[in-house]
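Note: the block below is entry-v7.txt and it holds compact mmCIF, C-alpha atoms.
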# COMPACT_ATOMS: atom_id res chain seq x y z
CA ARG A 10 -87.25 -60.22 -89.77
CA ALA A 11 -85.36 -59.46 -86.55
CA ASN A 12 -85.77 -55.97 -85.07
CA SER A 13 -88.19 -54.86 -87.77
CA ILE A 14 -91.92 -54.37 -88.29
CA ASP A 15 -93.78 -57.04 -90.23
CA ALA A 16 -97.31 -55.68 -89.92
CA ILE A 17 -99.31 -52.63 -88.88
CA TYR A 18 -102.68 -53.14 -87.20
CA ALA A 19 -104.96 -50.15 -87.81
CA SER A 20 -108.23 -49.89 -85.91
CA GLY A 21 -110.60 -47.53 -87.66
CA GLY A 22 -110.47 -44.98 -90.46
CA ALA A 23 -107.78 -42.47 -89.48
CA PRO A 24 -105.26 -45.12 -88.32
CA THR A 25 -105.70 -47.02 -91.61
CA GLN A 26 -105.08 -43.86 -93.62
CA LEU A 27 -101.95 -43.19 -91.57
CA ALA A 28 -100.71 -46.77 -92.01
CA VAL A 29 -101.09 -46.89 -95.80
CA HIS A 30 -99.55 -43.43 -96.17
CA ALA A 31 -96.60 -44.41 -93.97
CA ARG A 32 -95.99 -47.58 -95.98
CA ARG A 33 -96.18 -45.69 -99.25
CA PHE A 34 -94.02 -42.68 -98.43
CA LEU A 35 -91.52 -44.41 -96.13
CA LYS A 36 -91.30 -47.38 -98.51
CA LEU A 37 -91.98 -49.86 -95.70
CA ASP A 38 -92.24 -53.56 -96.48
CA VAL A 39 -95.11 -54.26 -94.12
CA THR A 40 -98.61 -55.73 -94.19
CA VAL A 41 -101.43 -53.33 -93.33
CA PHE A 42 -104.25 -54.99 -91.36
CA SER A 43 -107.35 -52.79 -91.13
CA HIS A 44 -110.13 -53.36 -88.59
CA PHE A 45 -113.14 -51.57 -90.10
CA HIS A 46 -115.66 -51.00 -87.32
CA HIS A 47 -118.15 -48.49 -88.54
CA PRO A 48 -120.23 -48.22 -91.74
CA CYS A 49 -120.96 -44.96 -93.55
CA THR A 50 -117.31 -43.93 -93.59
CA THR A 51 -116.16 -41.25 -96.03
CA LEU A 52 -115.78 -42.18 -99.68
CA TYR A 53 -112.09 -41.21 -99.57
CA TYR A 54 -111.37 -43.71 -96.80
CA LYS A 55 -113.18 -46.46 -98.68
CA SER A 56 -111.84 -45.79 -102.15
CA TRP A 57 -108.23 -45.00 -101.32
CA SER A 58 -107.14 -46.21 -97.89
CA LEU A 59 -109.04 -49.48 -97.58
CA LYS A 60 -108.22 -50.59 -101.11
CA ARG A 61 -104.55 -50.31 -100.16
CA ALA A 62 -104.85 -52.39 -96.99
CA ASP A 63 -103.75 -56.03 -97.35
CA ILE A 64 -106.53 -57.49 -95.23
CA ILE A 65 -109.73 -55.94 -93.86
CA VAL A 66 -111.74 -57.33 -90.96
CA CYS A 67 -115.31 -56.22 -90.16
CA PRO A 68 -117.24 -57.01 -86.96
CA SER A 69 -120.48 -57.84 -88.80
CA ARG A 70 -121.98 -58.73 -92.16
CA TYR A 71 -123.80 -55.40 -91.98
CA THR A 72 -120.50 -53.50 -91.93
CA ALA A 73 -118.97 -55.75 -94.57
CA SER A 74 -121.93 -55.17 -96.89
CA ASP A 75 -121.24 -51.44 -96.72
CA LEU A 76 -117.75 -52.10 -98.08
CA LEU A 77 -118.96 -54.60 -100.64
CA ALA A 78 -121.10 -51.83 -102.14
CA SER A 79 -117.80 -50.07 -102.87
CA ASP A 80 -116.26 -53.26 -104.34
CA ILE A 81 -114.08 -53.84 -101.28
CA ALA A 82 -113.83 -57.41 -99.96
CA SER A 83 -113.40 -58.11 -96.25
CA LYS A 84 -113.52 -60.88 -93.66
CA VAL A 85 -116.20 -60.88 -90.96
CA ILE A 86 -115.02 -61.66 -87.44
CA TYR A 87 -117.41 -60.95 -84.59
CA ASN A 88 -115.93 -58.99 -81.70
CA GLY A 89 -115.45 -61.05 -78.56
CA VAL A 90 -116.38 -60.28 -74.96
CA ASN A 91 -115.65 -61.78 -71.56
CA VAL A 92 -118.21 -64.59 -71.36
CA LYS A 93 -117.31 -65.26 -67.73
CA MET A 94 -119.20 -62.21 -66.48
CA PRO A 95 -121.60 -63.24 -63.68
CA VAL A 96 -125.17 -64.08 -64.61
CA VAL A 97 -127.93 -61.86 -63.27
CA ASN A 98 -130.36 -63.81 -61.08
CA GLN A 99 -133.70 -62.59 -62.43
CA SER A 100 -135.59 -64.77 -59.97
CA LEU A 101 -134.71 -62.31 -57.19
CA ALA A 102 -137.44 -59.97 -56.01
CA LYS A 103 -137.67 -56.93 -58.26
CA GLU A 104 -138.68 -53.38 -57.55
CA ALA A 105 -142.21 -52.35 -58.45
CA ALA A 106 -141.00 -50.81 -61.69
CA VAL A 107 -139.59 -52.91 -64.49
CA ARG A 108 -136.16 -51.58 -65.51
CA ALA A 109 -134.65 -51.27 -68.98
CA CYS A 110 -131.06 -50.20 -69.54
CA PHE A 111 -129.14 -48.51 -72.32
CA VAL A 112 -125.34 -48.68 -72.36
CA GLY A 113 -123.39 -46.70 -74.94
CA GLN A 114 -122.17 -43.33 -76.13
CA LEU A 115 -124.73 -40.57 -75.97
CA GLU A 116 -124.49 -39.60 -79.63
CA SER A 117 -127.16 -38.91 -82.23
CA ASN A 118 -126.87 -42.27 -84.02
CA LYS A 119 -127.78 -44.08 -80.77
CA ARG A 120 -131.19 -42.36 -80.78
CA VAL A 121 -131.44 -42.26 -76.99
CA ASP A 122 -134.00 -39.49 -77.48
CA TRP A 123 -136.28 -42.19 -78.92
CA LEU A 124 -135.92 -44.14 -75.68
CA LEU A 125 -136.93 -41.10 -73.64
CA ARG A 126 -139.91 -40.40 -75.86
CA ALA A 127 -140.98 -44.04 -75.65
CA VAL A 128 -140.80 -43.94 -71.83
CA ALA A 129 -143.00 -40.83 -71.93
CA MET A 130 -145.47 -42.66 -74.18
CA LEU A 131 -145.61 -45.55 -71.73
CA LYS A 132 -146.18 -43.14 -68.86
CA GLY A 133 -149.17 -41.80 -70.76
CA ARG A 134 -150.47 -45.36 -71.11
CA GLY A 135 -150.15 -45.97 -67.36
CA CYS A 136 -147.27 -48.44 -67.88
CA ARG A 137 -144.46 -48.12 -65.33
CA LEU A 138 -140.98 -48.56 -66.85
CA HIS A 139 -137.73 -47.13 -65.49
CA LEU A 140 -134.87 -46.45 -67.89
CA ASP A 141 -131.22 -46.58 -66.77
CA ILE A 142 -128.86 -44.76 -69.14
CA VAL A 143 -125.13 -45.50 -68.90
CA GLY A 144 -122.63 -43.46 -70.90
CA THR A 145 -121.57 -39.96 -71.83
CA GLY A 146 -121.31 -37.99 -75.05
CA THR A 147 -122.19 -34.82 -76.89
CA GLU A 148 -125.93 -35.50 -76.54
CA GLN A 149 -125.87 -35.83 -72.75
CA GLN A 150 -127.04 -32.30 -71.91
CA PRO A 151 -129.77 -32.21 -74.61
CA LEU A 152 -131.02 -35.58 -73.34
CA LEU A 153 -131.16 -34.33 -69.75
CA GLU A 154 -133.16 -31.35 -70.96
CA LEU A 155 -135.47 -33.59 -73.01
CA SER A 156 -136.14 -35.81 -69.99
CA LYS A 157 -137.20 -32.75 -68.02
CA GLU A 158 -139.30 -31.45 -70.92
CA LEU A 159 -141.12 -34.79 -71.17
CA ASN A 160 -141.68 -34.78 -67.40
CA ILE A 161 -140.12 -38.23 -66.95
CA ASP A 162 -137.16 -37.41 -64.68
CA GLU A 163 -138.56 -39.78 -62.04
CA ARG A 164 -138.51 -42.62 -64.60
CA VAL A 165 -134.99 -42.09 -65.96
CA THR A 166 -131.58 -42.36 -64.30
CA PHE A 167 -128.48 -40.98 -66.04
CA HIS A 168 -125.52 -42.86 -64.57
CA GLY A 169 -122.78 -41.29 -66.68
CA ARG A 170 -119.62 -43.36 -66.99
CA ILE A 171 -119.32 -46.31 -64.62
CA ASP A 172 -116.57 -48.85 -63.92
CA SER A 173 -118.70 -51.94 -64.43
CA ILE A 174 -121.94 -52.21 -66.42
CA TYR A 175 -122.83 -55.20 -64.25
CA ASP A 176 -123.73 -52.75 -61.49
CA VAL A 177 -126.63 -51.59 -63.68
CA LEU A 178 -127.40 -54.88 -65.43
CA VAL A 179 -128.00 -56.59 -62.10
CA GLY A 180 -131.21 -54.60 -61.76
CA ALA A 181 -132.31 -54.78 -65.40
CA ASP A 182 -135.13 -56.82 -66.89
CA PHE A 183 -133.93 -56.14 -70.44
CA SER A 184 -131.66 -53.78 -72.35
CA VAL A 185 -132.63 -51.60 -75.29
CA MET A 186 -130.69 -50.21 -78.26
CA ALA A 187 -132.45 -47.98 -80.80
CA SER A 188 -129.41 -47.14 -82.98
CA ASP A 189 -129.92 -46.47 -86.67
CA VAL A 190 -126.19 -47.05 -87.30
CA GLU A 191 -124.44 -49.81 -85.33
CA GLY A 192 -121.51 -51.96 -86.43
CA LEU A 193 -122.36 -54.78 -84.01
CA GLY A 194 -123.44 -53.77 -80.50
CA ILE A 195 -120.95 -54.81 -77.81
CA SER A 196 -123.09 -53.61 -74.90
CA VAL A 197 -125.98 -55.78 -76.11
CA ILE A 198 -123.63 -58.78 -76.23
CA GLU A 199 -122.35 -58.07 -72.72
CA ALA A 200 -125.93 -57.83 -71.47
CA ALA A 201 -126.67 -61.18 -73.11
CA VAL A 202 -123.69 -62.79 -71.36
CA CYS A 203 -125.22 -61.67 -68.08
CA GLY A 204 -128.54 -63.24 -69.05
CA ILE A 205 -130.27 -60.01 -70.05
CA PRO A 206 -132.27 -60.04 -73.32
CA SER A 207 -132.45 -56.95 -75.52
CA ILE A 208 -134.86 -54.92 -77.60
CA VAL A 209 -133.09 -53.63 -80.72
CA SER A 210 -133.90 -51.81 -83.94
CA ALA A 211 -134.58 -54.14 -86.87
CA SER A 212 -131.57 -52.91 -88.82
CA THR A 213 -127.76 -52.61 -88.62
CA GLY A 214 -125.36 -55.12 -87.04
CA LEU A 215 -127.73 -55.57 -84.10
CA LEU A 216 -129.65 -58.12 -86.18
CA GLU A 217 -126.60 -60.39 -85.93
CA VAL A 218 -126.53 -60.15 -82.13
CA VAL A 219 -130.21 -60.65 -81.28
CA GLU A 220 -132.53 -63.33 -82.65
CA ASP A 221 -136.06 -61.98 -82.65
CA GLY A 222 -138.34 -64.02 -80.42
CA TYR A 223 -135.46 -66.13 -79.09
CA SER A 224 -132.81 -63.97 -77.42
CA GLY A 225 -134.64 -60.65 -77.64
CA TRP A 226 -136.98 -58.63 -79.79
CA TYR A 227 -136.93 -56.30 -82.80
CA PHE A 228 -138.87 -53.11 -83.36
CA ASP A 229 -139.44 -51.28 -86.63
CA SER A 230 -136.47 -48.91 -86.81
CA SER A 231 -138.59 -46.28 -88.59
CA SER A 232 -141.38 -46.24 -86.00
CA LEU A 233 -141.26 -44.75 -82.50
CA GLU A 234 -144.69 -46.28 -81.92
CA SER A 235 -143.23 -49.72 -82.63
CA LEU A 236 -140.53 -49.16 -80.02
CA ALA A 237 -143.06 -48.04 -77.43
CA ASP A 238 -145.27 -51.04 -78.17
CA ILE A 239 -142.54 -53.64 -77.66
CA LEU A 240 -141.32 -51.84 -74.53
CA GLU A 241 -144.85 -52.02 -73.15
CA GLN A 242 -145.18 -55.69 -74.06
CA ARG A 243 -141.94 -56.63 -72.32
CA THR A 244 -142.72 -54.44 -69.31
CA LEU A 245 -145.97 -56.34 -68.77
CA ALA A 246 -144.47 -59.78 -69.55
CA ASN A 247 -143.29 -62.22 -66.90
CA ASP A 248 -141.03 -64.39 -69.09
CA ASN A 249 -138.14 -62.04 -69.87
CA HIS A 250 -135.80 -64.37 -67.97
CA VAL A 251 -136.47 -67.16 -70.49
CA PHE A 252 -135.22 -64.96 -73.32
CA GLY A 253 -132.29 -63.96 -71.12
CA GLU A 254 -131.22 -67.59 -70.79
CA ASN A 255 -131.36 -67.95 -74.57
CA ALA A 256 -129.40 -64.73 -75.01
CA ARG A 257 -126.62 -65.98 -72.74
CA GLU A 258 -126.41 -69.35 -74.48
CA ARG A 259 -126.00 -67.69 -77.87
CA ALA A 260 -123.56 -65.03 -76.66
CA VAL A 261 -121.26 -67.59 -75.05
CA ARG A 262 -121.36 -69.72 -78.18
CA VAL A 263 -120.87 -66.97 -80.78
CA PHE A 264 -119.12 -64.01 -79.15
CA SER A 265 -116.40 -65.36 -76.84
CA GLU A 266 -113.00 -63.71 -76.60
CA GLU A 267 -111.36 -67.05 -77.35
CA SER A 268 -113.21 -67.42 -80.66
CA TYR A 269 -112.34 -63.82 -81.55
CA LYS A 270 -108.64 -64.31 -80.80
CA LYS A 271 -108.51 -67.56 -82.76
CA GLU A 272 -110.11 -66.04 -85.85
CA MET A 273 -108.03 -62.85 -85.69
CA LEU A 274 -104.80 -64.86 -85.47
CA SER A 275 -105.95 -66.90 -88.45
CA ALA A 276 -106.64 -63.70 -90.40
CA PHE A 277 -103.20 -62.36 -89.51
CA SER A 278 -101.58 -65.61 -90.60
CA SER A 279 -103.36 -65.52 -93.94
CA ALA A 280 -101.63 -62.25 -94.84
CA ALA A 281 -98.34 -62.60 -96.70
CA PHE A 282 -95.79 -60.99 -94.41

Step by step, read the file and then write its structure as structure tokens.
Amino acid sequence: RANSIDAIYASGGAPTQLAVHARRFLKLDVTVFSHFHHPCTTLYYKSWSLKRADIIVCPSRYTASDLLASDIASKVIYNGVNVKMPVVNQSLAKEAAVRACFVGQLESNKRVDWLLRAVAMLKGRGCRLHLDIVGTGTEQQPLLELSKELNIDERVTFHGRIDSIYDVLVGADFSVMASDVEGLGISVIEAAVCGIPSIVSASTGLLEVVEDGYSGWYFDSSSLESLADILEQRTLANDNHVFGENARERAVRVFSEESYKKEMLSAFSSAAF
């Protein structure tokens, strides 16, 4: 229809609520397309707003399963990233310390405190690992204080917000994500594109990004000891670059922006405007 709205794209919970309310009360003849990113959303959002959306897209089977438990069907489309990011040359001479990186919001669900405690455990074992932390959030100050309390300030660098994660990835041997709630894990995908493998918790959408023993490694999400053990193993290993090559191959094949755009357009087209 000329000069009119055919569809409303709502990314997340609050925008979807607003879209379905607007259609209902303003009597709009539009299709509501909801992009549901995060599991564990409020019951109201699931039971009322989402059930009134015409099509729902989730970034992972993990997120979709959360909706399915509430009898809400959805389509899974993996988020896409720029797969043309430069590849890190891991054959270059490295510093004495192996480096791991975390990229993400400094919020409680990311469990960055686990990463700090694991680094402290490795220090106690005589294993030298440096952790680069990129991001900001409500947990930033408590994490800075925890680093000092654990006496690992010399083994941790808080970068805050940066323009390009490549500036940190270029020095990384692997990335690490300990989240207990994660829709997919974009930063892990971006690391993979650059040829950096990842250590991730054996739960959430991260399982769909990393293949254990091929493009990275899992740790028991309920065990800090398990995290410390795999960090120590990969710090002492000399084949991380092999897993990085596998990670890049899979990321380019599965998580490209072109694939994402193609599938999203198909999902839009399937809705009856």

What does the distance from atom CA of Arg259 of chain A to atom CA of Asp122 of chain A come to in Å, to one decimal?
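Separation of atom CA of Arg259 of chain A and atom CA of Asp122 of chain A: 29.3 Å.
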
Show me, as a ChimeraX atom specification, the residues that have an atom within 10 Å of segment 207-209 of chain A when counting all atoms listed in the file, minus same-chain residues fewer than 2 positions from it.
/A:109-111,182-189,194,196-198,200-201,204-205,211-213,215-216,218-221,224-230,236,239-240,243,249,252-253,256

Tell me, counting all atoms listed in the file, for each residue of segment 202-278 of chain A within 8 Å of segment 59-83 of chain A, which pair of atoms is nearest and how far apart they are in Å to one decimal, in rows ordered by chain and increasing number, as a Markdown table.
| residue | atom | partner | partner_atom | distance |
| --- | --- | --- | --- | --- |
| A:Thr213 | CA | A:Tyr71 | CA | 5.9 |
| A:Gly214 | CA | A:Tyr71 | CA | 5.2 |
| A:Glu217 | CA | A:Ser69 | CA | 7.2 |
| A:Ala276 | CA | A:Ile64 | CA | 7.9 |

May I ask for the distance between atom CA of Phe42 of chain A and atom CA of Asn118 of chain A, given in Å to one decimal place?
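The value is 27.0 Å.
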
Work out how far apart atom CA of Val143 of chain A and atom CA of Val85 of chain A are and give it in Å to one decimal.
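Taking atom CA of Val143 of chain A as the start and atom CA of Val85 of chain A as the end point, the length is 28.3 Å.
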
When you look at Asn88 of chain A with a cut-off of 9 Å (counting only C-alpha atoms), what residues show up, excluding the ones that are within fewer than 4 positions of it in the same chain? I need them as a ChimeraX atom specification.
/A:67-69,193,195,264-266,268-269

Near Ser20 of chain A, within 9 Å and counting all atoms listed in the file, which residues show up once chain neighbours fewer than 3 positions away are dropped, as a PyMOL selection string?
chain A and resi 23-25+42-46

File dump, residues just selected, C-alpha atoms, as a short mmCIF file (atom, residue, chain, number, x, y, z; two decimals), keeping the file's coordinate frame:
data_model
loop_
_atom_site.label_atom_id
_atom_site.label_comp_id
_atom_site.auth_asym_id
_atom_site.auth_seq_id
_atom_site.Cartn_x
_atom_site.Cartn_y
_atom_site.Cartn_z
CA ALA A 23 -107.78 -42.47 -89.48
CA PRO A 24 -105.26 -45.12 -88.32
CA THR A 25 -105.70 -47.02 -91.61
CA PHE A 42 -104.25 -54.99 -91.36
CA SER A 43 -107.35 -52.79 -91.13
CA HIS A 44 -110.13 -53.36 -88.59
CA PHE A 45 -113.14 -51.57 -90.10
CA HIS A 46 -115.66 -51.00 -87.32
#

Just checking: using only C-alpha atoms, which residue out of A:Val202, A:Asp38, A:Gln114, A:Ala106 ends up closest to Arg262 of chain A?
A:Val202

Select, from A:Glu163, A:Glu254, A:Asp238, A:Glu267, the residue with the minimum atom-to-atom distance to Pro206 of chain A, counting all atoms listed in the file.
A:Glu254

Kindly indicate which residue among A:Leu125, A:Val112, A:Leu37, A:Met130 lies nearest to Ala237 of chain A, using all atoms listed in the file for the distances.
A:Met130

Env of Leu140 of chain A: 8 Å cut, atoms = all atoms listed in the file, seq-sep filter 2 positions within chain, self excluded. Answer as a PDB file with C-alpha atoms, in the coordinates of the input.
ATOM      1  CA  ARG A 108    -136.160 -51.580 -65.510  1.00  0.00           C
ATOM      2  CA  ALA A 109    -134.650 -51.270 -68.980  1.00  0.00           C
ATOM      3  CA  CYS A 110    -131.060 -50.200 -69.540  1.00  0.00           C
ATOM      4  CA  PHE A 111    -129.140 -48.510 -72.320  1.00  0.00           C
ATOM      5  CA  VAL A 128    -140.800 -43.940 -71.830  1.00  0.00           C
ATOM      6  CA  LEU A 138    -140.980 -48.560 -66.850  1.00  0.00           C
ATOM      7  CA  ILE A 142    -128.860 -44.760 -69.140  1.00  0.00           C
ATOM      8  CA  ARG A 164    -138.510 -42.620 -64.600  1.00  0.00           C
ATOM      9  CA  VAL A 165    -134.990 -42.090 -65.960  1.00  0.00           C
ATOM     10  CA  THR A 166    -131.580 -42.360 -64.300  1.00  0.00           C
TER      11      THR A 166
END

Name the residues in contact with Leu155 of chain A at a cut-off of 12 Å, using only C-alpha atoms, excluding same-chain residues fewer than 2 positions from it; report them as a PyMOL selection string.
chain A and resi 121-126+128-129+148-153+157-162+165

Missing atoms in segment 125-147 of chain A: can you complete it with N, CA and C atoms, as a compact mmCIF listing (two decimals), keeping the file's coordinate frame?
# COMPACT_ATOMS: atom_id res chain seq x y z
N LEU A 125 -136.25 -42.01 -74.55
CA LEU A 125 -136.93 -41.10 -73.64
C LEU A 125 -138.36 -40.84 -74.07
N ARG A 126 -138.55 -40.65 -75.36
CA ARG A 126 -139.91 -40.40 -75.86
C ARG A 126 -140.79 -41.64 -75.68
N ALA A 127 -140.21 -42.81 -75.84
CA ALA A 127 -140.98 -44.04 -75.65
C ALA A 127 -141.38 -44.20 -74.18
N VAL A 128 -140.48 -43.88 -73.26
CA VAL A 128 -140.80 -43.94 -71.83
C VAL A 128 -141.95 -42.98 -71.52
N ALA A 129 -141.92 -41.80 -72.13
CA ALA A 129 -143.00 -40.83 -71.93
C ALA A 129 -144.32 -41.37 -72.47
N MET A 130 -144.26 -42.06 -73.61
CA MET A 130 -145.47 -42.66 -74.18
C MET A 130 -146.04 -43.72 -73.25
N LEU A 131 -145.15 -44.52 -72.66
CA LEU A 131 -145.61 -45.55 -71.73
C LEU A 131 -146.21 -44.93 -70.46
N LYS A 132 -145.62 -43.83 -70.03
CA LYS A 132 -146.18 -43.14 -68.86
C LYS A 132 -147.60 -42.70 -69.15
N GLY A 133 -147.83 -42.22 -70.37
CA GLY A 133 -149.17 -41.80 -70.76
C GLY A 133 -150.14 -42.97 -70.84
N ARG A 134 -149.61 -44.17 -71.04
CA ARG A 134 -150.47 -45.36 -71.11
C ARG A 134 -150.66 -46.00 -69.73
N GLY A 135 -150.04 -45.41 -68.70
CA GLY A 135 -150.15 -45.97 -67.36
C GLY A 135 -149.25 -47.16 -67.13
N CYS A 136 -148.21 -47.31 -67.97
CA CYS A 136 -147.27 -48.44 -67.88
C CYS A 136 -145.98 -47.97 -67.22
N ARG A 137 -145.61 -48.58 -66.12
CA ARG A 137 -144.46 -48.12 -65.33
C ARG A 137 -143.18 -48.82 -65.77
N LEU A 138 -142.30 -48.08 -66.43
CA LEU A 138 -140.98 -48.56 -66.85
C LEU A 138 -139.94 -47.55 -66.45
N HIS A 139 -138.84 -48.02 -65.84
CA HIS A 139 -137.73 -47.13 -65.49
C HIS A 139 -136.57 -47.40 -66.43
N LEU A 140 -135.98 -46.34 -66.94
CA LEU A 140 -134.87 -46.45 -67.89
C LEU A 140 -133.57 -46.01 -67.25
N ASP A 141 -132.58 -46.90 -67.23
CA ASP A 141 -131.22 -46.58 -66.77
C ASP A 141 -130.35 -46.31 -67.99
N ILE A 142 -129.71 -45.15 -68.02
CA ILE A 142 -128.86 -44.76 -69.14
C ILE A 142 -127.42 -44.67 -68.66
N VAL A 143 -126.55 -45.48 -69.27
CA VAL A 143 -125.13 -45.50 -68.90
C VAL A 143 -124.31 -45.01 -70.07
N GLY A 144 -123.49 -43.98 -69.84
CA GLY A 144 -122.63 -43.46 -70.90
C GLY A 144 -122.61 -41.94 -70.91
N THR A 145 -121.69 -41.41 -71.67
CA THR A 145 -121.57 -39.96 -71.83
C THR A 145 -121.40 -39.64 -73.31
N GLY A 146 -121.49 -38.38 -73.65
CA GLY A 146 -121.31 -37.99 -75.05
C GLY A 146 -121.85 -36.60 -75.30
N THR A 147 -121.79 -36.18 -76.54
CA THR A 147 -122.19 -34.82 -76.89
C THR A 147 -123.69 -34.57 -76.72
